[in-house]
Amino acid sequence: MEALYLLLVTNKASNILEDLETLRLLSKVVPEYCESLDENGVLPAQFDLLFAFDEVLSLGFRESVSLNQVKTYMEMESHEEKLANILRQSKILEAREEMKKRSLQIDEQKKAMARAHVADRIQGFGSGGGGPTVASASDSPYDVTPTVASSSHREAVLSSTITHTAKSASTVKGMQIGKSKKASDLLKALQDEGELIDSDTLSDPTSKAARTNVPAEDIHLAIEEKLVVQLNRDGVLENMEVKGDVSLKINDPACARAAIKVNSGKNAGVQFKVHPNINKQLFTDEAVLAPKDPSRPLPTGTQLMILKWRLQTKDEAMLPLTVSCWPSPTPGGGSSVSVEYELQGRRDLMDIFISIPCTGAREAPVISQAYGTATYDAKTEMLVWYLDHVDSSNSSGTLEFNMADLEPSGHFFPVSVTFSSKQTLCDLEIGSVVSLEDESSIRFSQSRGLEVETYKIA
């Protein structure tokens, strides 16, 4: 280590081979946290080194850990924190949905009040003036047109009436997003419960959405799939359904007349359906998504679903991830449960949650083996097994735990599974986008995603 020594103090009874292995691991840990292997590089990272060494050595004994595990522990990722973030986000989304509903209701009330106010003022003017009557107000409270010509005085009064109505309508206390009492109370309640709600959310929950980056390319295409899976307790696939779609968003109006070339594989059993305004025959023959009427531009600035597909199968080979649960009785009473996952195909999965119900348990499960993180929530009586990612390097794993007060029969089901992936089950991607006017290439971006809608073992 250049100018420094790494010293390991042991007793006479220690195993020299284990000591050498510990020294090798410690020597690998040091460069991970020090910019240089001298005093100037070590001193700024002294606490990180101390914590890293503590992960390797515990109470004088070497822990069975690798360098990657030490780095993972040092990142201090918490499964409970991730669950809390998910719950907090869902609560915030519910509050926002409630605010949107209230906003629509109050907007409707505001328009109705404005229309009624205009109608009352105009009716009062017509009966008191003794002149020609005025036609009923249109749906817009600011567009009132008399059926006959009127005097300048009457026009002035009518103009004054409309101006006053517009001002009155603007002063109606309609809902302003982020300032609804009910929604604010919901967010305040979350804050009182210890949830960390940022000031932007409290002041204007839509501000972050408004600041969301819009795809910079002229056209953006999003390929999304939803997965529904039902297995029985023996692990036999009873039903699997894949629902997918391609959504188009045109950011540049000059690119509204475009044809999209789709590259797809065999996709056996997949049923495709195009939007009514898309040329179905062209897609069937050449896998090109283009408008039926080339002279008619596609909508700009909004998401438009132009293609969707559906696959229903009982072929277990199509499953991206198989999960099995094996509860068995123990000699002293209770249950021993083994849960196993296995990745199928070359696919990377993220944020895998496997939830096993332990309904009626009076004691927490005793976990004997777990790849990943396993957490028991006594309130919901649910054991949640979490893996941040699954790929070819960890294509299978097992969770084993014991329950002293639950029998295997009638417990530990239904098991729920959720995960996401950037790879879709349908072999489909966007090859190119060209203009229908001059056949020039159009810049485009595309995103892909697979999410689990329902995955149950019951």
# chains A, B, ... in the order shown; residues from 1 in each chain; ligands from 1
>>> residues_around(residues="Ala370 in chain A", least_positions_apart="2", cutoff="9 Å", atoms="only C-alpha atoms", output="list in words")
Ile367, Ser368, Gly372, Thr373, Ala374, Trp385, Gly397, Thr398, Leu399, Glu400 and Phe401 of chain A
>>> closest_atom_pairs(of="range 385-443 of chain A", to="range 54-78 of chain A", cutoff="12 Å", atoms="only C-alpha atoms", output="JSON lines")
{"residue": "A:Tyr386", "atom": "CA", "partner": "A:Ser78", "partner_atom": "CA", "distance": 10.6}
{"residue": "A:Leu387", "atom": "CA", "partner": "A:Ser78", "partner_atom": "CA", "distance": 11.5}
{"residue": "A:Asp388", "atom": "CA", "partner": "A:Glu77", "partner_atom": "CA", "distance": 10.2}
>>> write_last_selection(atoms="all heavy atoms", output="JSON list (two decimals), in the first residue's frame")
[["chain", "number", "residue", "atom", "x", "y", "z"],
["A", 386, "TYR", "N", -37.93, -8.43, -0.91],
["A", 386, "TYR", "CA", -37.61, -7.40, -1.91],
["A", 386, "TYR", "C", -36.24, -7.64, -2.52],
["A", 386, "TYR", "O", -35.26, -7.95, -1.82],
["A", 386, "TYR", "CB", -37.63, -6.00, -1.26],
["A", 386, "TYR", "CG", -37.12, -4.92, -2.17],
["A", 386, "TYR", "CD1", -37.89, -4.43, -3.20],
["A", 386, "TYR", "CD2", -35.84, -4.38, -2.00],
["A", 386, "TYR", "CE1", -37.43, -3.45, -4.05],
["A", 386, "TYR", "CE2", -35.36, -3.40, -2.83],
["A", 386, "TYR", "CZ", -36.16, -2.93, -3.85],
["A", 386, "TYR", "OH", -35.68, -1.95, -4.69],
["A", 387, "LEU", "N", -36.18, -7.50, -3.86],
["A", 387, "LEU", "CA", -34.92, -7.53, -4.59],
["A", 387, "LEU", "C", -34.89, -6.33, -5.52],
["A", 387, "LEU", "O", -35.86, -6.09, -6.25],
["A", 387, "LEU", "CB", -34.77, -8.82, -5.40],
["A", 387, "LEU", "CG", -34.83, -10.13, -4.60],
["A", 387, "LEU", "CD1", -36.21, -10.77, -4.76],
["A", 387, "LEU", "CD2", -33.75, -11.11, -5.03],
["A", 388, "ASP", "N", -33.83, -5.56, -5.49],
["A", 388, "ASP", "CA", -33.78, -4.35, -6.30],
["A", 388, "ASP", "C", -33.64, -4.68, -7.79],
["A", 388, "ASP", "O", -34.11, -3.93, -8.63],
["A", 388, "ASP", "CB", -32.66, -3.41, -5.84],
["A", 388, "ASP", "CG", -31.30, -4.09, -5.87],
["A", 388, "ASP", "OD1", -31.23, -5.30, -6.16],
["A", 388, "ASP", "OD2", -30.30, -3.40, -5.59]]
>>> closest_residue(among="A:Asn277, A:Ser396, A:Ser295, A:Ser103", to="Leu343 in chain A", atoms="only C-alpha atoms")
A:Ser396
>>> select_by_dssp(residues="range 31-119 of chain A", states="helix (DSSP H, G or I)", output="PyMOL selection string")
chain A and resi 31-33+39-56+67-74+79-119
>>> select_by_dssp(residues="range 288-382 of chain A", states="strand (DSSP E or B)", output="compact mmCIF listing (two decimals) with all heavy atoms, in the first residue's frame")
# COMPACT_ATOMS: atom_id res chain seq x y z
N VAL A 288 -46.06 -0.77 -41.13
CA VAL A 288 -45.89 0.69 -41.12
C VAL A 288 -47.17 1.31 -40.55
O VAL A 288 -48.27 1.00 -41.00
CB VAL A 288 -45.61 1.24 -42.52
CG1 VAL A 288 -45.60 2.77 -42.50
CG2 VAL A 288 -44.28 0.71 -43.03
N LEU A 289 -47.00 2.19 -39.57
CA LEU A 289 -48.12 2.91 -38.98
C LEU A 289 -48.19 4.29 -39.62
O LEU A 289 -47.31 5.13 -39.41
CB LEU A 289 -47.95 3.03 -37.46
CG LEU A 289 -47.99 1.71 -36.69
CD1 LEU A 289 -47.48 1.91 -35.27
CD2 LEU A 289 -49.41 1.16 -36.65
N PRO A 291 -51.22 7.42 -41.28
CA PRO A 291 -52.65 7.81 -41.32
C PRO A 291 -53.35 7.25 -42.56
O PRO A 291 -52.74 7.07 -43.62
CB PRO A 291 -52.59 9.34 -41.35
CG PRO A 291 -51.23 9.71 -40.90
CD PRO A 291 -50.34 8.59 -41.30
N GLN A 303 -50.92 12.78 -26.23
CA GLN A 303 -50.63 11.36 -26.37
C GLN A 303 -51.74 10.70 -27.19
O GLN A 303 -52.92 10.87 -26.89
CB GLN A 303 -50.55 10.70 -25.01
CG GLN A 303 -49.30 11.07 -24.20
CD GLN A 303 -48.08 10.32 -24.66
OE1 GLN A 303 -47.16 10.90 -25.21
NE2 GLN A 303 -48.07 9.04 -24.42
N LEU A 304 -51.37 9.96 -28.20
CA LEU A 304 -52.33 9.25 -29.04
C LEU A 304 -51.92 7.79 -29.15
O LEU A 304 -50.82 7.48 -29.60
CB LEU A 304 -52.39 9.88 -30.44
CG LEU A 304 -53.29 9.16 -31.45
CD1 LEU A 304 -54.75 9.24 -31.03
CD2 LEU A 304 -53.10 9.74 -32.85
N MET A 305 -52.80 6.89 -28.68
CA MET A 305 -52.51 5.46 -28.79
C MET A 305 -52.79 5.03 -30.23
O MET A 305 -53.92 5.10 -30.70
CB MET A 305 -53.38 4.67 -27.82
CG MET A 305 -53.04 3.18 -27.78
SD MET A 305 -54.22 2.23 -26.77
CE MET A 305 -53.99 3.00 -25.17
N ILE A 306 -51.75 4.59 -30.93
CA ILE A 306 -51.90 4.24 -32.34
C ILE A 306 -51.88 2.73 -32.58
O ILE A 306 -52.26 2.28 -33.65
CB ILE A 306 -50.80 4.92 -33.19
CG1 ILE A 306 -49.41 4.53 -32.67
CG2 ILE A 306 -50.98 6.43 -33.19
CD1 ILE A 306 -48.27 5.07 -33.51
N LEU A 307 -51.42 1.97 -31.59
CA LEU A 307 -51.36 0.52 -31.75
C LEU A 307 -51.50 -0.13 -30.37
O LEU A 307 -50.94 0.36 -29.39
CB LEU A 307 -50.02 0.11 -32.39
CG LEU A 307 -49.76 -1.40 -32.53
CD1 LEU A 307 -50.72 -2.02 -33.53
CD2 LEU A 307 -48.31 -1.66 -32.93
N LYS A 308 -52.25 -1.20 -30.33
CA LYS A 308 -52.32 -1.98 -29.09
C LYS A 308 -52.35 -3.46 -29.44
O LYS A 308 -52.69 -3.85 -30.56
CB LYS A 308 -53.52 -1.58 -28.24
CG LYS A 308 -54.87 -1.77 -28.88
CD LYS A 308 -55.97 -1.29 -27.93
CE LYS A 308 -57.36 -1.45 -28.54
NZ LYS A 308 -58.42 -1.00 -27.61
N TRP A 309 -51.98 -4.28 -28.45
CA TRP A 309 -51.96 -5.72 -28.70
C TRP A 309 -52.33 -6.46 -27.41
O TRP A 309 -52.31 -5.91 -26.31
CB TRP A 309 -50.59 -6.18 -29.20
CG TRP A 309 -49.45 -5.91 -28.27
CD1 TRP A 309 -48.97 -6.72 -27.27
CD2 TRP A 309 -48.62 -4.74 -28.25
NE1 TRP A 309 -47.91 -6.13 -26.64
CE2 TRP A 309 -47.67 -4.91 -27.23
CE3 TRP A 309 -48.60 -3.57 -29.01
CZ2 TRP A 309 -46.71 -3.95 -26.95
CZ3 TRP A 309 -47.65 -2.62 -28.72
CH2 TRP A 309 -46.71 -2.80 -27.71
N ARG A 310 -52.64 -7.73 -27.61
CA ARG A 310 -53.06 -8.57 -26.50
C ARG A 310 -52.58 -9.99 -26.74
O ARG A 310 -52.63 -10.50 -27.86
CB ARG A 310 -54.59 -8.55 -26.37
CG ARG A 310 -55.16 -9.36 -25.22
CD ARG A 310 -56.66 -9.12 -25.12
NE ARG A 310 -57.26 -9.91 -24.07
CZ ARG A 310 -57.81 -11.12 -24.24
NH1 ARG A 310 -57.82 -11.65 -25.46
NH2 ARG A 310 -58.34 -11.77 -23.24
N LEU A 311 -52.09 -10.61 -25.68
CA LEU A 311 -51.64 -11.99 -25.74
C LEU A 311 -52.19 -12.72 -24.53
O LEU A 311 -52.00 -12.28 -23.39
CB LEU A 311 -50.11 -12.07 -25.75
CG LEU A 311 -49.51 -13.47 -25.54
CD1 LEU A 311 -49.86 -14.40 -26.70
CD2 LEU A 311 -48.00 -13.39 -25.36
N GLN A 312 -52.87 -13.84 -24.77
CA GLN A 312 -53.38 -14.67 -23.69
C GLN A 312 -52.85 -16.08 -23.90
O GLN A 312 -53.00 -16.66 -24.99
CB GLN A 312 -54.91 -14.66 -23.68
CG GLN A 312 -55.51 -15.18 -22.37
CD GLN A 312 -56.93 -14.70 -22.17
OE1 GLN A 312 -57.53 -14.12 -23.06
NE2 GLN A 312 -57.47 -14.94 -20.99
N THR A 313 -52.22 -16.63 -22.87
CA THR A 313 -51.57 -17.93 -23.02
C THR A 313 -51.51 -18.66 -21.69
O THR A 313 -51.69 -18.05 -20.62
CB THR A 313 -50.14 -17.74 -23.57
OG1 THR A 313 -49.52 -19.02 -23.73
CG2 THR A 313 -49.30 -16.91 -22.61
N LEU A 321 -40.87 -14.33 -14.92
CA LEU A 321 -40.40 -14.70 -13.58
C LEU A 321 -41.37 -15.71 -12.99
O LEU A 321 -42.58 -15.47 -12.96
CB LEU A 321 -40.30 -13.47 -12.69
CG LEU A 321 -39.74 -13.70 -11.28
CD1 LEU A 321 -38.22 -13.88 -11.35
CD2 LEU A 321 -40.07 -12.53 -10.36
N THR A 322 -40.86 -16.85 -12.52
CA THR A 322 -41.69 -17.83 -11.84
C THR A 322 -41.41 -17.77 -10.35
O THR A 322 -40.25 -17.63 -9.93
CB THR A 322 -41.44 -19.25 -12.35
OG1 THR A 322 -40.06 -19.59 -12.12
CG2 THR A 322 -41.74 -19.34 -13.84
N VAL A 323 -42.45 -17.87 -9.55
CA VAL A 323 -42.34 -17.84 -8.10
C VAL A 323 -43.12 -19.02 -7.55
O VAL A 323 -44.27 -19.27 -7.97
CB VAL A 323 -42.88 -16.52 -7.52
CG1 VAL A 323 -42.80 -16.53 -5.99
CG2 VAL A 323 -42.12 -15.33 -8.07
N SER A 324 -42.53 -19.75 -6.63
CA SER A 324 -43.21 -20.88 -6.00
C SER A 324 -43.08 -20.78 -4.49
O SER A 324 -42.06 -20.31 -3.97
CB SER A 324 -42.63 -22.21 -6.49
OG SER A 324 -41.23 -22.25 -6.29
N CYS A 325 -44.12 -21.22 -3.80
CA CYS A 325 -44.16 -21.17 -2.33
C CYS A 325 -44.43 -22.58 -1.82
O CYS A 325 -45.42 -23.21 -2.23
CB CYS A 325 -45.24 -20.19 -1.86
SG CYS A 325 -45.38 -20.03 -0.07
N TRP A 326 -43.57 -23.06 -0.90
CA TRP A 326 -43.65 -24.43 -0.41
C TRP A 326 -43.73 -24.43 1.13
O TRP A 326 -42.71 -24.49 1.80
CB TRP A 326 -42.44 -25.24 -0.86
CG TRP A 326 -42.25 -25.30 -2.34
CD1 TRP A 326 -41.55 -24.43 -3.12
CD2 TRP A 326 -42.80 -26.28 -3.22
NE1 TRP A 326 -41.62 -24.78 -4.43
CE2 TRP A 326 -42.37 -25.93 -4.53
CE3 TRP A 326 -43.58 -27.42 -3.05
CZ2 TRP A 326 -42.72 -26.68 -5.66
CZ3 TRP A 326 -43.92 -28.16 -4.17
CH2 TRP A 326 -43.49 -27.79 -5.44
N PRO A 327 -44.92 -24.37 1.71
CA PRO A 327 -45.04 -24.49 3.17
C PRO A 327 -45.10 -25.97 3.58
O PRO A 327 -45.71 -26.79 2.89
CB PRO A 327 -46.35 -23.78 3.47
CG PRO A 327 -47.15 -23.85 2.22
CD PRO A 327 -46.20 -24.00 1.08
N SER A 328 -44.45 -26.30 4.68
CA SER A 328 -44.48 -27.67 5.19
C SER A 328 -44.49 -27.65 6.71
O SER A 328 -43.97 -26.70 7.33
CB SER A 328 -43.27 -28.46 4.67
OG SER A 328 -42.06 -27.82 5.05
N PRO A 329 -45.10 -28.67 7.34
CA PRO A 329 -45.16 -28.68 8.81
C PRO A 329 -43.80 -29.00 9.43
O PRO A 329 -42.97 -29.68 8.83
CB PRO A 329 -46.19 -29.78 9.09
CG PRO A 329 -46.12 -30.68 7.90
CD PRO A 329 -45.79 -29.81 6.73
N SER A 335 -44.79 -24.08 10.98
CA SER A 335 -44.54 -24.27 9.55
C SER A 335 -43.12 -23.85 9.19
O SER A 335 -42.56 -22.94 9.81
CB SER A 335 -45.52 -23.45 8.71
OG SER A 335 -46.85 -23.78 9.01
N SER A 336 -42.60 -24.53 8.20
CA SER A 336 -41.36 -24.11 7.55
C SER A 336 -41.71 -23.79 6.10
O SER A 336 -42.28 -24.62 5.39
CB SER A 336 -40.32 -25.22 7.61
OG SER A 336 -39.16 -24.87 6.88
N VAL A 337 -41.39 -22.59 5.66
CA VAL A 337 -41.82 -22.11 4.35
C VAL A 337 -40.59 -21.79 3.50
O VAL A 337 -39.66 -21.12 3.97
CB VAL A 337 -42.71 -20.86 4.45
CG1 VAL A 337 -43.23 -20.45 3.07
CG2 VAL A 337 -43.89 -21.11 5.38
N SER A 338 -40.61 -22.27 2.28
CA SER A 338 -39.55 -21.96 1.32
C SER A 338 -40.18 -21.30 0.10
O SER A 338 -41.09 -21.85 -0.51
CB SER A 338 -38.82 -23.24 0.91
OG SER A 338 -37.83 -22.97 -0.07
N VAL A 339 -39.71 -20.11 -0.24
CA VAL A 339 -40.19 -19.36 -1.40
C VAL A 339 -39.02 -19.21 -2.37
O VAL A 339 -37.93 -18.80 -1.96
CB VAL A 339 -40.74 -17.98 -1.00
CG1 VAL A 339 -41.31 -17.26 -2.22
CG2 VAL A 339 -41.80 -18.11 0.08
N GLU A 340 -39.27 -19.53 -3.62
CA GLU A 340 -38.19 -19.51 -4.60
C GLU A 340 -38.63 -18.73 -5.85
O GLU A 340 -39.79 -18.81 -6.26
CB GLU A 340 -37.82 -20.94 -5.00
CG GLU A 340 -36.67 -21.02 -6.00
CD GLU A 340 -36.35 -22.45 -6.40
OE1 GLU A 340 -37.20 -23.33 -6.16
OE2 GLU A 340 -35.27 -22.67 -6.96
N TYR A 341 -37.72 -17.97 -6.41
CA TYR A 341 -37.98 -17.30 -7.68
C TYR A 341 -36.96 -17.79 -8.71
O TYR A 341 -35.85 -18.21 -8.36
CB TYR A 341 -37.89 -15.78 -7.55
CG TYR A 341 -36.48 -15.23 -7.49
CD1 TYR A 341 -35.73 -14.99 -8.64
CD2 TYR A 341 -35.87 -14.95 -6.27
CE1 TYR A 341 -34.44 -14.51 -8.58
CE2 TYR A 341 -34.57 -14.47 -6.20
CZ TYR A 341 -33.86 -14.25 -7.36
OH TYR A 341 -32.58 -13.77 -7.29
N GLU A 342 -37.35 -17.73 -9.97
CA GLU A 342 -36.44 -18.11 -11.06
C GLU A 342 -36.73 -17.25 -12.27
O GLU A 342 -37.88 -17.14 -12.72
CB GLU A 342 -36.61 -19.58 -11.41
CG GLU A 342 -35.61 -20.05 -12.47
CD GLU A 342 -35.68 -21.55 -12.71
OE1 GLU A 342 -36.47 -22.23 -12.02
OE2 GLU A 342 -34.97 -22.03 -13.61
N LEU A 343 -35.70 -16.62 -12.79
CA LEU A 343 -35.82 -15.77 -13.97
C LEU A 343 -35.84 -16.64 -15.21
O LEU A 343 -35.04 -17.56 -15.35
CB LEU A 343 -34.66 -14.78 -14.02
CG LEU A 343 -34.61 -13.81 -15.21
CD1 LEU A 343 -35.74 -12.79 -15.10
CD2 LEU A 343 -33.27 -13.09 -15.27
N LEU A 349 -35.08 -7.51 -14.60
CA LEU A 349 -36.24 -7.06 -13.85
C LEU A 349 -35.79 -6.15 -12.71
O LEU A 349 -34.69 -6.31 -12.17
CB LEU A 349 -37.02 -8.25 -13.27
CG LEU A 349 -37.46 -9.34 -14.27
CD1 LEU A 349 -38.24 -10.41 -13.55
CD2 LEU A 349 -38.26 -8.74 -15.41
N MET A 350 -36.64 -5.22 -12.34
CA MET A 350 -36.30 -4.25 -11.29
C MET A 350 -37.41 -4.20 -10.25
O MET A 350 -38.58 -4.46 -10.56
CB MET A 350 -36.10 -2.86 -11.90
CG MET A 350 -34.99 -2.79 -12.93
SD MET A 350 -34.89 -1.16 -13.72
CE MET A 350 -36.45 -1.10 -14.59
N ASP A 351 -37.03 -3.84 -9.02
CA ASP A 351 -37.97 -3.62 -7.92
C ASP A 351 -38.96 -4.79 -7.79
O ASP A 351 -40.16 -4.63 -7.96
CB ASP A 351 -38.73 -2.31 -8.11
CG ASP A 351 -37.82 -1.11 -8.00
OD1 ASP A 351 -36.83 -1.20 -7.26
OD2 ASP A 351 -38.08 -0.08 -8.65
N ILE A 352 -38.41 -5.94 -7.46
CA ILE A 352 -39.25 -7.14 -7.30
C ILE A 352 -39.74 -7.21 -5.86
O ILE A 352 -38.93 -7.23 -4.92
CB ILE A 352 -38.47 -8.42 -7.68
CG1 ILE A 352 -37.98 -8.34 -9.12
CG2 ILE A 352 -39.31 -9.66 -7.47
CD1 ILE A 352 -36.58 -7.78 -9.27
N PHE A 353 -41.06 -7.23 -5.69
CA PHE A 353 -41.68 -7.38 -4.38
C PHE A 353 -42.48 -8.68 -4.38
O PHE A 353 -43.38 -8.86 -5.19
CB PHE A 353 -42.61 -6.21 -4.06
CG PHE A 353 -41.92 -4.93 -3.76
CD1 PHE A 353 -41.58 -4.06 -4.78
CD2 PHE A 353 -41.60 -4.57 -2.46
CE1 PHE A 353 -40.95 -2.86 -4.52
CE2 PHE A 353 -40.97 -3.38 -2.19
CZ PHE A 353 -40.64 -2.52 -3.21
N ILE A 354 -42.16 -9.59 -3.46
CA ILE A 354 -42.90 -10.83 -3.28
C ILE A 354 -43.52 -10.79 -1.89
O ILE A 354 -42.78 -10.80 -0.89
CB ILE A 354 -42.01 -12.06 -3.46
CG1 ILE A 354 -41.34 -12.03 -4.85
CG2 ILE A 354 -42.80 -13.35 -3.28
CD1 ILE A 354 -40.32 -13.13 -5.08
N SER A 355 -44.85 -10.73 -1.82
CA SER A 355 -45.55 -10.54 -0.54
C SER A 355 -46.23 -11.84 -0.14
O SER A 355 -47.06 -12.37 -0.90
CB SER A 355 -46.58 -9.41 -0.67
OG SER A 355 -45.96 -8.21 -1.08
N ILE A 356 -45.87 -12.35 1.06
CA ILE A 356 -46.44 -13.59 1.57
C ILE A 356 -47.28 -13.27 2.81
O ILE A 356 -46.74 -12.77 3.81
CB ILE A 356 -45.33 -14.60 1.94
CG1 ILE A 356 -44.41 -14.84 0.74
CG2 ILE A 356 -45.92 -15.90 2.43
CD1 ILE A 356 -43.07 -14.16 0.83
N PRO A 357 -48.59 -13.52 2.78
CA PRO A 357 -49.43 -13.21 3.95
C PRO A 357 -49.20 -14.22 5.07
O PRO A 357 -49.08 -15.42 4.83
CB PRO A 357 -50.85 -13.31 3.39
CG PRO A 357 -50.75 -14.22 2.21
CD PRO A 357 -49.39 -14.02 1.64
N VAL A 366 -39.27 -16.31 11.66
CA VAL A 366 -37.82 -16.43 11.87
C VAL A 366 -37.20 -16.77 10.52
O VAL A 366 -37.42 -17.86 9.97
CB VAL A 366 -37.50 -17.52 12.91
CG1 VAL A 366 -35.98 -17.66 13.07
CG2 VAL A 366 -38.15 -17.21 14.24
N ILE A 367 -36.45 -15.84 9.97
CA ILE A 367 -35.87 -16.01 8.64
C ILE A 367 -34.53 -16.71 8.75
O ILE A 367 -33.61 -16.22 9.42
CB ILE A 367 -35.73 -14.65 7.94
CG1 ILE A 367 -37.10 -13.99 7.80
CG2 ILE A 367 -35.07 -14.79 6.58
CD1 ILE A 367 -37.07 -12.56 7.33
N SER A 368 -34.44 -17.85 8.10
CA SER A 368 -33.20 -18.63 8.15
C SER A 368 -32.32 -18.40 6.93
O SER A 368 -31.10 -18.57 7.00
CB SER A 368 -33.53 -20.13 8.27
OG SER A 368 -34.37 -20.55 7.21
N GLN A 369 -32.93 -18.04 5.81
CA GLN A 369 -32.14 -17.79 4.60
C GLN A 369 -32.90 -16.81 3.72
O GLN A 369 -34.11 -16.95 3.52
CB GLN A 369 -31.89 -19.09 3.82
CG GLN A 369 -31.11 -18.88 2.52
CD GLN A 369 -30.91 -20.18 1.76
OE1 GLN A 369 -31.08 -21.26 2.31
NE2 GLN A 369 -30.54 -20.09 0.50
N ALA A 370 -32.20 -15.81 3.21
CA ALA A 370 -32.85 -14.82 2.35
C ALA A 370 -31.82 -14.20 1.44
O ALA A 370 -30.81 -13.65 1.90
CB ALA A 370 -33.52 -13.73 3.18
N THR A 373 -33.68 -8.77 0.61
CA THR A 373 -34.15 -8.21 1.87
C THR A 373 -35.55 -8.73 2.17
O THR A 373 -36.43 -8.68 1.32
CB THR A 373 -34.18 -6.67 1.82
OG1 THR A 373 -32.90 -6.19 1.44
CG2 THR A 373 -34.55 -6.09 3.17
N ALA A 374 -35.74 -9.22 3.39
CA ALA A 374 -37.05 -9.70 3.82
C ALA A 374 -37.48 -8.91 5.04
O ALA A 374 -36.72 -8.79 6.01
CB ALA A 374 -37.01 -11.18 4.13
N THR A 375 -38.68 -8.37 5.00
CA THR A 375 -39.20 -7.53 6.08
C THR A 375 -40.60 -7.97 6.45
O THR A 375 -41.43 -8.21 5.56
CB THR A 375 -39.23 -6.05 5.66
OG1 THR A 375 -37.93 -5.66 5.22
CG2 THR A 375 -39.63 -5.16 6.84
N TYR A 376 -40.87 -8.06 7.74
CA TYR A 376 -42.20 -8.46 8.21
C TYR A 376 -42.92 -7.24 8.78
O TYR A 376 -42.39 -6.53 9.63
CB TYR A 376 -42.09 -9.54 9.27
CG TYR A 376 -43.43 -9.99 9.81
CD1 TYR A 376 -44.32 -10.71 9.03
CD2 TYR A 376 -43.82 -9.66 11.10
CE1 TYR A 376 -45.55 -11.11 9.51
CE2 TYR A 376 -45.05 -10.06 11.60
CZ TYR A 376 -45.91 -10.78 10.80
OH TYR A 376 -47.13 -11.16 11.29
N ASP A 377 -44.13 -7.00 8.29
CA ASP A 377 -44.97 -5.91 8.77
C ASP A 377 -46.05 -6.51 9.66
O ASP A 377 -46.99 -7.16 9.18
CB ASP A 377 -45.60 -5.17 7.59
CG ASP A 377 -46.35 -3.91 8.03
OD1 ASP A 377 -46.58 -3.76 9.23
OD2 ASP A 377 -46.70 -3.09 7.16
N MET A 382 -47.83 -9.24 6.92
CA MET A 382 -47.30 -9.54 5.59
C MET A 382 -45.78 -9.58 5.62
O MET A 382 -45.14 -8.67 6.16
CB MET A 382 -47.76 -8.48 4.58
CG MET A 382 -47.46 -8.79 3.15
SD MET A 382 -48.55 -10.03 2.46
CE MET A 382 -50.11 -9.12 2.41
